[in-house]
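> For reference, the file protein_31.cif (mmCIF, C-alpha atoms and all ligand atoms) is included below:
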data_coords
#
loop_
_atom_site.group_PDB
_atom_site.id
_atom_site.type_symbol
_atom_site.label_atom_id
_atom_site.label_comp_id
_atom_site.auth_asym_id
_atom_site.auth_seq_id
_atom_site.Cartn_x
_atom_site.Cartn_y
_atom_site.Cartn_z
ATOM 1 C CA MET A 430 0.000 0.000 0.000
ATOM 2 C CA THR A 431 1.279 3.475 -0.795
ATOM 3 C CA MET A 432 -0.326 6.541 0.571
ATOM 4 C CA GLU A 433 -2.313 8.850 -1.661
ATOM 5 C CA SER A 434 -2.013 12.404 -0.467
ATOM 6 C CA THR A 435 -5.614 13.019 -1.497
ATOM 7 C CA ALA A 436 -7.103 10.162 0.563
ATOM 8 C CA VAL A 437 -7.183 10.479 4.322
ATOM 9 C CA PRO A 438 -5.987 7.132 5.702
ATOM 10 C CA ALA A 439 -8.049 5.327 8.319
ATOM 11 C CA ALA A 440 -7.248 6.043 11.967
ATOM 12 C CA GLY A 441 -4.474 3.774 13.167
ATOM 13 C CA ASP A 442 -3.036 3.408 9.671
ATOM 14 C CA PRO A 443 0.735 3.021 10.026
ATOM 15 C CA ALA A 444 1.169 5.792 7.437
ATOM 16 C CA THR A 445 -0.204 8.275 9.958
ATOM 17 C CA THR A 446 1.478 6.893 13.068
ATOM 18 C CA PRO A 447 4.415 9.144 13.937
ATOM 19 C CA MET A 448 7.599 7.836 15.481
ATOM 20 C CA SER A 449 6.810 6.890 19.082
ATOM 21 C CA LYS A 450 8.470 8.513 22.090
ATOM 22 C CA GLU A 451 10.352 5.261 22.743
ATOM 23 C CA GLN A 452 11.547 5.034 19.140
ATOM 24 C CA ARG A 453 12.738 8.642 19.234
ATOM 25 C CA GLU A 454 14.626 8.096 22.469
ATOM 26 C CA GLN A 455 16.264 4.981 21.041
ATOM 27 C CA PHE A 456 17.072 6.716 17.745
ATOM 28 C CA ASP A 457 18.543 9.723 19.549
ATOM 29 C CA ARG A 458 20.605 7.447 21.758
ATOM 30 C CA ASP A 459 21.757 4.748 19.313
ATOM 31 C CA GLY A 460 21.521 6.478 15.931
ATOM 32 C CA TYR A 461 19.487 3.659 14.388
ATOM 33 C CA LEU A 462 16.323 1.565 14.771
ATOM 34 C CA VAL A 463 15.311 -1.861 13.480
ATOM 35 C CA ILE A 464 11.691 -1.942 12.250
ATOM 36 C CA PRO A 465 10.523 -5.562 12.380
ATOM 37 C CA ASN A 466 8.201 -6.718 9.578
ATOM 38 C CA ALA A 467 8.261 -3.438 7.709
ATOM 39 C CA LEU A 468 7.469 -5.478 4.590
ATOM 40 C CA SER A 469 5.021 -8.372 4.381
ATOM 41 C CA ALA A 470 6.129 -11.795 3.120
ATOM 42 C CA GLU A 471 4.406 -10.984 -0.206
ATOM 43 C CA GLU A 472 6.306 -7.724 -0.509
ATOM 44 C CA VAL A 473 9.586 -9.481 0.277
ATOM 45 C CA ALA A 474 8.841 -12.021 -2.457
ATOM 46 C CA HIS A 475 7.904 -9.259 -4.901
ATOM 47 C CA TYR A 476 10.971 -7.081 -4.284
ATOM 48 C CA THR A 477 13.219 -10.134 -4.314
ATOM 49 C CA GLU A 478 11.914 -10.956 -7.774
ATOM 50 C CA VAL A 479 12.646 -7.364 -8.844
ATOM 51 C CA ILE A 480 16.192 -7.313 -7.435
ATOM 52 C CA ASP A 481 16.966 -10.773 -8.843
ATOM 53 C CA ARG A 482 15.902 -9.606 -12.287
ATOM 54 C CA ILE A 483 18.106 -6.509 -12.044
ATOM 55 C CA TYR A 484 20.994 -8.670 -10.834
ATOM 56 C CA ALA A 485 20.582 -10.962 -13.847
ATOM 57 C CA GLU A 486 20.659 -7.911 -16.146
ATOM 58 C CA GLU A 487 23.837 -6.613 -14.520
ATOM 59 C CA GLN A 488 25.399 -10.045 -14.740
ATOM 60 C CA ALA A 489 24.556 -10.239 -18.443
ATOM 61 C CA LYS A 490 26.215 -6.828 -18.952
ATOM 62 C CA GLN A 491 29.243 -8.051 -16.974
ATOM 63 C CA ALA A 492 28.711 -5.104 -14.650
ATOM 64 C CA LEU A 493 29.110 -6.995 -11.363
ATOM 65 C CA SER A 494 32.150 -6.544 -9.112
ATOM 66 C CA PRO A 495 34.940 -9.151 -9.242
ATOM 67 C CA GLU A 496 33.221 -10.876 -6.278
ATOM 68 C CA GLY A 497 29.924 -10.987 -8.188
ATOM 69 C CA ALA A 498 28.333 -8.184 -6.149
ATOM 70 C CA MET A 499 25.841 -5.601 -7.400
ATOM 71 C CA HIS A 500 25.568 -2.023 -6.123
ATOM 72 C CA VAL A 501 23.166 -0.210 -8.454
ATOM 73 C CA LEU A 502 22.617 3.480 -7.688
ATOM 74 C CA SER A 503 19.387 5.437 -8.330
ATOM 75 C CA ALA A 504 16.878 2.748 -7.413
ATOM 76 C CA VAL A 505 13.754 4.182 -9.081
ATOM 77 C CA HIS A 506 15.727 5.152 -12.165
ATOM 78 C CA ARG A 507 16.607 1.511 -12.496
ATOM 79 C CA SER A 508 13.075 0.277 -11.872
ATOM 80 C CA GLN A 509 9.957 2.230 -11.011
ATOM 81 C CA GLU A 510 8.680 -0.979 -9.417
ATOM 82 C CA VAL A 511 10.553 -0.040 -6.242
ATOM 83 C CA ALA A 512 8.818 3.364 -5.936
ATOM 84 C CA PRO A 513 6.283 2.139 -3.315
ATOM 85 C CA LEU A 514 9.233 1.821 -0.938
ATOM 86 C CA LEU A 515 9.814 5.586 -1.093
ATOM 87 C CA ASP A 516 6.801 6.329 1.124
ATOM 88 C CA HIS A 517 6.068 2.931 2.578
ATOM 89 C CA PRO A 518 3.468 3.318 5.351
ATOM 90 C CA THR A 519 5.423 1.275 7.894
ATOM 91 C CA THR A 520 8.629 3.280 7.581
ATOM 92 C CA PHE A 521 8.047 6.678 5.981
ATOM 93 C CA PRO A 522 6.498 8.174 9.160
ATOM 94 C CA LEU A 523 9.944 7.792 10.730
ATOM 95 C CA VAL A 524 11.372 9.986 7.995
ATOM 96 C CA TRP A 525 8.891 12.852 8.338
ATOM 97 C CA SER A 526 8.882 12.514 12.130
ATOM 98 C CA ILE A 527 12.571 13.435 12.045
ATOM 99 C CA LEU A 528 13.031 15.616 8.948
ATOM 100 C CA GLY A 529 9.573 17.127 8.476
ATOM 101 C CA TRP A 530 7.798 17.718 5.166
ATOM 102 C CA ASN A 531 10.372 19.547 3.042
ATOM 103 C CA VAL A 532 12.197 16.381 2.006
ATOM 104 C CA HIS A 533 13.242 14.311 -0.977
ATOM 105 C CA VAL A 534 15.236 11.139 -1.646
ATOM 106 C CA TYR A 535 18.746 12.151 -2.636
ATOM 107 C CA HIS A 536 20.493 8.812 -2.873
ATOM 108 C CA SER A 537 19.416 5.182 -3.180
ATOM 109 C CA HIS A 538 20.863 1.822 -4.095
ATOM 110 C CA LEU A 539 19.957 -1.776 -4.797
ATOM 111 C CA ASP A 540 22.500 -4.237 -3.449
ATOM 112 C CA VAL A 541 23.144 -7.931 -3.940
ATOM 113 C CA HIS A 542 26.169 -9.581 -2.326
ATOM 114 C CA PRO A 543 26.579 -13.316 -2.883
ATOM 115 C CA LYS A 544 29.077 -15.354 -0.918
ATOM 116 C CA ILE A 545 32.607 -14.105 -1.553
ATOM 117 C CA THR A 546 34.653 -16.929 -2.994
ATOM 118 C CA VAL A 547 37.571 -14.996 -4.465
ATOM 119 C CA PRO A 548 40.130 -13.066 -2.417
ATOM 120 C CA LYS A 549 38.933 -9.541 -1.695
ATOM 121 C CA PRO A 550 41.562 -6.927 -0.834
ATOM 122 C CA TYR A 551 41.168 -5.239 2.565
ATOM 123 C CA ARG A 552 39.592 -1.818 2.562
ATOM 124 C CA PHE A 553 38.600 0.239 5.587
ATOM 125 C CA GLU A 554 34.997 1.090 4.713
ATOM 126 C CA TRP A 555 33.813 2.753 7.932
ATOM 127 C CA HIS A 556 32.155 6.067 7.133
ATOM 128 C CA GLN A 557 29.433 8.568 7.885
ATOM 129 C CA ASP A 558 27.093 9.355 4.980
ATOM 130 C CA GLY A 559 27.035 12.692 3.213
ATOM 131 C CA GLY A 560 30.553 12.856 1.742
ATOM 132 C CA ARG A 561 31.894 16.372 2.069
ATOM 133 C CA GLN A 562 29.187 17.310 4.559
ATOM 134 C CA ASN A 563 31.621 15.727 6.980
ATOM 135 C CA ARG A 564 34.371 18.161 5.967
ATOM 136 C CA GLU A 565 32.418 21.282 5.187
ATOM 137 C CA LEU A 566 30.176 21.524 8.251
ATOM 138 C CA GLU A 567 32.085 22.862 11.202
ATOM 139 C CA THR A 568 29.967 21.969 14.245
ATOM 140 C CA ASP A 569 30.620 19.191 16.732
ATOM 141 C CA PRO A 570 28.546 17.120 16.408
ATOM 142 C CA ARG A 571 27.664 17.978 12.826
ATOM 143 C CA PRO A 572 23.950 18.260 12.036
ATOM 144 C CA ARG A 573 21.917 15.197 11.093
ATOM 145 C CA ILE A 574 20.639 16.514 7.704
ATOM 146 C CA SER A 575 19.715 13.086 6.339
ATOM 147 C CA VAL A 576 18.410 9.675 7.346
ATOM 148 C CA LYS A 577 18.396 6.387 5.488
ATOM 149 C CA LEU A 578 16.187 3.309 5.283
ATOM 150 C CA ALA A 579 17.497 -0.164 4.440
ATOM 151 C CA TYR A 580 14.936 -2.819 3.509
ATOM 152 C CA TRP A 581 16.234 -6.354 4.035
ATOM 153 C CA LEU A 582 15.151 -8.985 1.534
ATOM 154 C CA SER A 583 17.578 -11.656 2.708
ATOM 155 C CA ASP A 584 18.060 -13.169 6.143
ATOM 156 C CA VAL A 585 20.743 -11.367 8.131
ATOM 157 C CA SER A 586 19.292 -12.502 11.443
ATOM 158 C CA VAL A 587 22.700 -13.813 12.453
ATOM 159 C CA ALA A 588 26.067 -12.111 12.044
ATOM 160 C CA GLY A 589 28.397 -13.067 9.208
ATOM 161 C CA ARG A 590 26.000 -12.690 6.287
ATOM 162 C CA GLY A 591 27.235 -9.335 5.047
ATOM 163 C CA ASN A 592 25.317 -7.539 7.792
ATOM 164 C CA PHE A 593 25.154 -3.789 8.173
ATOM 165 C CA LYS A 594 27.634 -2.922 10.930
ATOM 166 C CA VAL A 595 27.435 0.134 13.164
ATOM 167 C CA VAL A 596 28.917 1.688 16.248
ATOM 168 C CA PRO A 597 25.774 2.386 18.281
ATOM 169 C CA GLY A 598 25.683 5.958 19.551
ATOM 170 C CA SER A 599 28.511 7.112 17.260
ATOM 171 C CA HIS A 600 26.270 9.555 15.361
ATOM 172 C CA LEU A 601 27.302 12.251 17.804
ATOM 173 C CA GLN A 602 30.988 11.628 17.193
ATOM 174 C CA ASN A 603 32.610 13.528 14.316
ATOM 175 C CA TRP A 604 35.648 11.302 14.031
ATOM 176 C CA ILE A 605 36.774 7.729 14.659
ATOM 177 C CA GLU A 606 40.286 6.379 14.544
ATOM 178 C CA GLY A 607 41.196 4.897 11.205
ATOM 179 C CA PRO A 608 44.179 3.798 9.154
ATOM 180 C CA PRO A 609 46.473 6.217 7.322
ATOM 181 C CA ARG A 610 45.291 4.662 4.041
ATOM 182 C CA ARG A 611 42.133 2.650 3.396
ATOM 183 C CA ASP A 612 44.059 -0.450 2.313
ATOM 184 C CA VAL A 613 45.952 -0.650 5.609
ATOM 185 C CA GLU A 614 44.380 -3.265 7.892
ATOM 186 C CA TRP A 615 42.969 -1.670 11.008
ATOM 187 C CA PRO A 616 41.104 -2.944 14.094
ATOM 188 C CA GLU A 617 37.335 -2.605 14.073
ATOM 189 C CA PRO A 618 36.068 0.431 16.048
ATOM 190 C CA GLU A 619 35.342 -0.245 19.694
ATOM 191 C CA GLY A 620 31.718 -1.161 20.321
ATOM 192 C CA ALA A 621 30.977 -2.065 16.680
ATOM 193 C CA ILE A 622 28.115 -4.536 16.180
ATOM 194 C CA GLU A 623 26.569 -6.301 13.215
ATOM 195 C CA VAL A 624 22.894 -5.341 12.979
ATOM 196 C CA CYS A 625 20.719 -8.446 12.629
ATOM 197 C CA ALA A 626 17.454 -8.397 10.684
ATOM 198 C CA ASN A 627 14.967 -10.811 9.175
ATOM 199 C CA PRO A 628 13.735 -10.595 5.608
ATOM 200 C CA GLY A 629 11.159 -7.792 5.581
ATOM 201 C CA ASP A 630 12.727 -5.859 8.440
ATOM 202 C CA ALA A 631 13.965 -2.341 7.826
ATOM 203 C CA VAL A 632 16.790 -0.436 9.452
ATOM 204 C CA PHE A 633 16.385 3.311 9.860
ATOM 205 C CA PHE A 634 19.599 5.198 10.541
ATOM 206 C CA ASP A 635 21.031 8.647 11.102
ATOM 207 C CA ARG A 636 23.519 9.462 8.330
ATOM 208 C CA ARG A 637 26.131 10.335 10.944
ATOM 209 C CA ILE A 638 26.301 6.915 12.546
ATOM 210 C CA TRP A 639 29.669 5.316 11.783
ATOM 211 C CA HIS A 640 28.794 2.296 9.669
ATOM 212 C CA THR A 641 30.072 -0.135 7.103
ATOM 213 C CA ARG A 642 28.926 -3.016 4.943
ATOM 214 C CA THR A 643 30.578 -6.287 5.935
ATOM 215 C CA ASN A 644 31.907 -9.010 3.683
ATOM 216 C CA ASN A 645 29.569 -11.909 3.069
ATOM 217 C CA TYR A 646 31.377 -15.248 3.368
ATOM 218 C CA SER A 647 28.120 -17.098 4.171
ATOM 219 C CA ASP A 648 26.060 -19.212 1.799
ATOM 220 C CA VAL A 649 23.165 -16.729 2.024
ATOM 221 C CA THR A 650 23.193 -14.091 -0.713
ATOM 222 C CA ARG A 651 22.685 -10.704 0.892
ATOM 223 C CA LYS A 652 19.945 -8.575 -0.745
ATOM 224 C CA ALA A 653 18.854 -5.118 0.374
ATOM 225 C CA MET A 654 17.410 -1.843 -0.933
ATOM 226 C CA PHE A 655 18.516 1.522 0.499
ATOM 227 C CA PHE A 656 16.804 4.948 0.316
ATOM 228 C CA ALA A 657 18.329 8.106 1.819
ATOM 229 C CA TYR A 658 16.228 11.203 2.529
ATOM 230 C CA THR A 659 17.343 14.764 2.986
ATOM 231 C CA LEU A 660 16.006 18.312 2.927
ATOM 232 C CA ARG A 661 14.912 19.699 -0.415
ATOM 233 C CA TRP A 662 17.500 22.493 -0.238
ATOM 234 C CA ILE A 663 20.204 19.827 -0.624
ATOM 235 C CA ALA A 664 20.832 18.497 -4.154
ATOM 236 C CA ILE A 665 19.659 15.058 -5.295
ATOM 237 C CA ARG A 666 22.465 12.735 -6.342
ATOM 238 C CA ASP A 667 20.191 10.135 -7.971
ATOM 239 C CA GLU A 668 19.360 10.245 -11.689
ATOM 240 C CA VAL A 669 15.842 11.538 -11.282
ATOM 241 C CA GLU A 670 15.532 13.803 -14.338
ATOM 242 C CA GLU A 671 15.066 10.779 -16.594
ATOM 243 C CA VAL A 672 12.616 9.210 -14.144
ATOM 244 C CA ARG A 673 10.520 12.389 -14.200
ATOM 245 C CA ALA A 674 10.568 12.473 -17.999
ATOM 246 C CA ARG A 675 9.032 9.006 -18.365
ATOM 247 C CA PRO A 676 5.258 8.702 -18.932
ATOM 248 C CA GLU A 677 4.920 6.261 -16.007
ATOM 249 C CA PHE A 678 6.124 8.974 -13.588
ATOM 250 C CA ALA A 679 2.587 10.400 -13.719
ATOM 251 C CA SER A 680 1.243 7.190 -12.178
ATOM 252 C CA LEU A 681 3.117 7.812 -8.921
ATOM 253 C CA ASN A 682 1.325 9.510 -6.058
ATOM 254 C CA PRO A 683 2.096 13.197 -5.340
ATOM 255 C CA VAL A 684 4.278 12.424 -2.314
ATOM 256 C CA GLN A 685 6.364 9.938 -4.299
ATOM 257 C CA ARG A 686 6.762 12.542 -7.053
ATOM 258 C CA GLN A 687 7.892 15.106 -4.461
ATOM 259 C CA LEU A 688 10.415 12.594 -3.147
ATOM 260 C CA LEU A 689 11.751 12.159 -6.674
ATOM 261 C CA GLY A 690 12.324 15.888 -6.983
ATOM 262 C CA GLU A 691 9.275 17.006 -8.975
ATOM 263 C CA SER A 692 9.703 20.729 -9.387
ATOM 264 C CA LEU A 693 6.290 21.636 -7.838
ATOM 265 C CA HIS A 694 6.887 25.285 -8.550
ATOM 266 C CA GLN A 695 4.216 27.193 -10.402
ATOM 267 C CA PRO A 696 5.644 29.249 -13.229
ATOM 268 C CA ARG A 697 4.627 32.747 -12.232
ATOM 269 C CA PRO A 698 6.626 35.901 -11.577
ATOM 270 C CA GLY A 699 8.722 35.778 -8.451
ATOM 271 C CA HIS A 700 8.121 32.076 -7.860
ATOM 272 C CA THR A 701 11.211 29.971 -8.485
ATOM 273 C CA MET A 702 11.891 26.281 -8.148
ATOM 274 C CA GLY A 703 14.676 27.152 -5.714
ATOM 275 C CA ASP A 704 12.221 29.010 -3.483
ATOM 276 C CA HIS A 705 9.970 25.968 -3.568
ATOM 277 C CA GLN A 706 12.823 23.748 -2.461
ATOM 278 C CA TRP A 707 13.572 26.194 0.334
ATOM 279 C CA GLY A 708 10.073 25.423 1.592
ATOM 280 C CA HIS A 709 8.454 28.769 0.755
ATOM 281 C CA TYR A 710 5.325 27.122 -0.703
ATOM 282 C CA PRO A 711 4.094 24.525 1.767
ATOM 283 C CA GLU A 712 0.593 24.617 0.294
ATOM 284 C CA THR A 713 1.876 23.065 -2.952
ATOM 285 C CA THR A 714 4.189 20.553 -1.239
ATOM 286 C CA PRO A 715 2.324 17.206 -1.129
ATOM 287 C CA LEU A 716 3.833 15.900 2.089
ATOM 288 C CA HIS A 717 2.869 19.127 3.858
ATOM 289 C CA GLY A 718 -0.683 18.561 2.577
ATOM 290 C CA PHE A 719 -0.699 14.966 3.791
ATOM 291 C CA LEU A 720 0.495 15.915 7.278
ATOM 292 C CA LYS A 721 -2.019 18.753 7.459
ATOM 293 C CA GLU A 722 -4.957 16.571 6.342
ATOM 294 C CA ASN A 723 -4.046 14.006 8.968
ATOM 295 C CA ASP A 724 -3.378 16.482 11.757
ATOM 296 C CA LEU A 725 0.224 15.343 12.094
ATOM 297 C CA PHE A 726 1.964 18.665 12.699
ATOM 298 C CA ASP A 727 3.790 18.981 15.989
ATOM 299 C CA ASN A 728 4.638 22.390 17.387
ATOM 300 C CA THR A 729 7.222 20.915 19.725
ATOM 301 C CA TRP A 730 9.444 19.760 16.822
ATOM 302 C CA PRO A 731 10.511 22.575 14.470
ATOM 303 C CA PRO A 732 10.586 20.501 11.230
ATOM 304 C CA LEU A 733 6.962 19.536 11.914
ATOM 305 C CA LYS A 734 5.675 23.018 12.666
ATOM 306 C CA PRO A 735 2.989 23.816 10.087
HETATM 307 O O1 LIG A 801 25.400 -1.994 2.789
HETATM 308 C C1 LIG A 801 25.580 -1.760 3.971
HETATM 309 O O2 LIG A 801 25.432 -2.587 4.881
HETATM 310 C C2 LIG A 801 26.037 -0.387 4.353
HETATM 311 C C3 LIG A 801 25.529 0.609 3.410
HETATM 312 C C4 LIG A 801 26.218 1.902 3.536
HETATM 313 O O3 LIG A 801 27.362 2.006 3.826
HETATM 314 C C5 LIG A 801 25.449 3.097 3.291
HETATM 315 O O4 LIG A 801 24.247 2.965 3.047
HETATM 316 O O5 LIG A 801 26.005 4.193 3.354
#
Transcribe the structure of this file into structure tokens.

Amino acid sequence: MTMESTAVPAAGDPATTPMSKEQREQFDRDGYLVIPNALSAEEVAHYTEVIDRIYAEEQAKQALSPEGAMHVLSAVHRSQEVAPLLDHPTTFPLVWSILGWNVHVYHSHLDVHPKITVPKPYRFEWHQDGGRQNRELETDPRPRISVKLAYWLSDVSVAGRGNFKVVPGSHLQNWIEGPPRRDVEWPEPEGAIEVCANPGDAVFFDRRIWHTRTNNYSDVTRKAMFFAYTLRWIAIRDEVEEVRARPEFASLNPVQRQLLGESLHQPRPGHTMGDHQWGHYPETTPLHGFLKENDLFDNTWPPLKP
């Protein structure tokens, strides 16, 4: 189910259930949350079929990594079939509960990591998301600015299956010790844990949490889809222009189109797309409309002030 900004969902619909107090406390403390059963078994089967098909296409193009892994950027550009994950009712409320209504998806990827059977050179992959945001923002800690959702299609309920690895609570830490060069072997950061999840679970994380993908030496092929959200005054990295130019873009709901960077601005004097992205026109921003219709504004949290 995806939410239609024109239809008011029924009371108790997960799409209109904001992040709970307990979830917020945990997210603020740990920098991430696991959302059990974010996807139904049918959805897991459906998205697995989609990702397997994309993997087969990449394999046919010989575009996989030497270990046979796939890391395809711009998820909806690759297949509009994954668009319902952009505003999935079980997870998207976490996004607007934290970032508010002036948001879009700036980065996404579809990942498949089969068992590694060939030697893989060491590389220190621990990072915070946001690239140069981590150099160009001067505060300590730096601001959150973006959050990311990972939907698990494979079973990573035990460690060692290419799990997502984090240092809980490290989102408030600007720096961790690392090697002088990324190919120099280095001990894992203190307190690092592999996050375990069942197929259909989602992980919601603060971009600042120190995290890494881990190598999959298990027999279970790791499959996951990632979507990162940020404020509309930050540029989208994904290839969304082509997505917006396709006829099928019109079939998406208004919130999904907002998340894919639809301009939304009305060509009239003094009204620019940039102003719209700055949030000057809430009345023509679909997520603002959805939150208003469902009485979801919250004066105690600035991003959710009407
Ligand atoms: O694939 C993973 O487990 C980690 C993904 C990651 O590093 C990221 O989303 O920035």
> A:Ala474, A:Ile665, A:Leu523, A:Lys490: which is nearest A:Met448, counting all atoms listed in the file?
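Using all atoms listed in the file, A:Met448 sits closest to A:Leu523.
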> Could you tell me which of A:Trp530, A:Thr641, A:Thr546, A:Gly589 comes closest to A:His709 if we count only C-alpha atoms?
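Nearest candidate to A:His709 out of A:Trp530, A:Thr641, A:Thr546, A:Gly589: A:Trp530.
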> Just so the selection is clear, what residues does the PyMOL selection byres (((chain A and resi 468) around 10) and not hetatm) cover here, as a tab-separated table (two decimals) with C-alpha atoms, in the coordinates of the input?

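That gives us part26.tsv:
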chain	number	residue	atom	x	y	z
A	464	ILE	CA	11.69	-1.94	12.25
A	465	PRO	CA	10.52	-5.56	12.38
A	466	ASN	CA	8.20	-6.72	9.58
A	467	ALA	CA	8.26	-3.44	7.71
A	469	SER	CA	5.02	-8.37	4.38
A	470	ALA	CA	6.13	-11.80	3.12
A	471	GLU	CA	4.41	-10.98	-0.21
A	472	GLU	CA	6.31	-7.72	-0.51
A	473	VAL	CA	9.59	-9.48	0.28
A	474	ALA	CA	8.84	-12.02	-2.46
A	476	TYR	CA	10.97	-7.08	-4.28
A	514	LEU	CA	9.23	1.82	-0.94
A	517	HIS	CA	6.07	2.93	2.58
A	518	PRO	CA	3.47	3.32	5.35
A	519	THR	CA	5.42	1.27	7.89
A	520	THR	CA	8.63	3.28	7.58
A	580	TYR	CA	14.94	-2.82	3.51
A	581	TRP	CA	16.23	-6.35	4.04
A	582	LEU	CA	15.15	-8.98	1.53
A	628	PRO	CA	13.74	-10.60	5.61
A	629	GLY	CA	11.16	-7.79	5.58
A	630	ASP	CA	12.73	-5.86	8.44
A	631	ALA	CA	13.96	-2.34	7.83
> So that each row is one residue of stretch 545-588 of chain A with an atom at most 10 Å from stretch 658-662 of chain A, can you give its shortest atom pair and the distance in Å to one decimal, using only C-alpha atoms, rows by chain and rising number, as a tab-separated table?

residue	atom	partner	partner_atom	distance
A:Gly559	CA	A:Thr659	CA	9.9
A:Arg573	CA	A:Thr659	CA	9.3
A:Ile574	CA	A:Thr659	CA	6.0
A:Ser575	CA	A:Thr659	CA	4.4
A:Val576	CA	A:Tyr658	CA	5.5
A:Lys577	CA	A:Tyr658	CA	6.1
A:Leu578	CA	A:Tyr658	CA	8.4
> Using only C-alpha atoms and all ligand atoms, find the one residue out of A:Gln687, A:Ser599, A:Gln562, A:Gln557 that sits nearest to ligand LIG 801 (chain A).
A:Gln557
> Need the shell around A:Leu502: protein/DNA/RNA residues with any atom at most 7 Å away, counting only C-alpha atoms. Skip same-chain ones fewer than 6 positions apart. Format as an MDAnalysis selection string?
chainID A and resid 537:539
> Kindly work out which residues sit at most 9 Å from ligand LIG 801 (chain A), using all atoms listed in the file, and give the list as a VMD selection string.
chain A and resid 500 537 to 538 540 554 to 559 577 to 579 591 to 595 624 636 639 to 643 653 to 657
> Which is closest to A:Phe634 among A:Gln455, A:Ser680, A:Asn603, A:Ser503, if we use all atoms listed in the file?
A:Gln455
> Using the file's own x, y and z axes, so that the box edges lie along x, y and z, what centre and edge lengths in Å (one decimal) does a box around every listed atom of stretch 634-647 of chain A get when 3 Å is added on each side? Give it as AutoDock Vina command-line options.

--center_x 25.8 --center_y -3.4 --center_z 7.8 --size_x 18.3 --size_y 33.4 --size_z 15.5
> List the residues matched by the PyMOL selection byres (((chain A and resi 453) around 12) and not hetatm) in the displayed structure as a list in words, ordered by chain and then by residue number.
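When the PyMOL selection byres (((chain A and resi 453) around 12) and not hetatm) is applied to the shown file, the picked residues are Pro447, Met448, Ser449, Lys450, Glu451, Gln452, Glu454, Gln455, Phe456, Asp457, Arg458, Asp459, Gly460, Tyr461, Leu462, Pro522, Leu523, Val524, Ser526, Ile527, Phe633, Phe634, Asp635 and Trp730 of chain A.
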> For a quick check of understanding, using only C-alpha atoms, which of A:Val501, A:Val585, A:Lys734, A:Asn563 has the smallest distance to A:Asp648?
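Ranking A:Val501, A:Val585, A:Lys734, A:Asn563 by distance to A:Asp648, first place goes to A:Val585.
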> Please provide the set of residues having any atom within 12 Å of A:Ser692, restricted to all atoms listed in the file, with same-chain residues fewer than 5 positions apart removed, written as a ChimeraX atom specification.
/A:533,661,669-670,673-674,683,686-687,700-708,710,713-715
> What separation in Å, quoted to one decimal, exists between atom CA of A:Ala504 and atom CA of A:His694?
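We find that atom CA of A:Ala504 and atom CA of A:His694 lie 24.7 Å from each other.
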> Hey, which of A:Asn627, A:Asn728, A:Gln695, A:Ser583 ends up closest to A:Glu478? Count all atoms listed in the file.
A:Ser583
> When you draw a straight line from atom CA of A:Gly607 to atom CA of A:Tyr551, how long is it in Å?
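These two atoms are separated by 13.3 Å.
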> What is the distance between atom CA of A:Glu496 and atom CA of A:Ile545, in Å to one decimal?
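Interatomic distance, atom CA of A:Glu496 to atom CA of A:Ile545: 5.8 Å.
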> For the point (37.0, 2.8, 13.5) in the file's frame, write as number ranges by chain all residues with an atom no more than 9 Å away, counting only C-alpha atoms.
A: 553, 555-556, 596, 604-608, 615-619, 621, 639
> Given the file shown, enumerate the residues that the PyMOL selection byres (((chain A and resi 678) around 12) and not hetatm) captures and present them as a count of residues only.
28
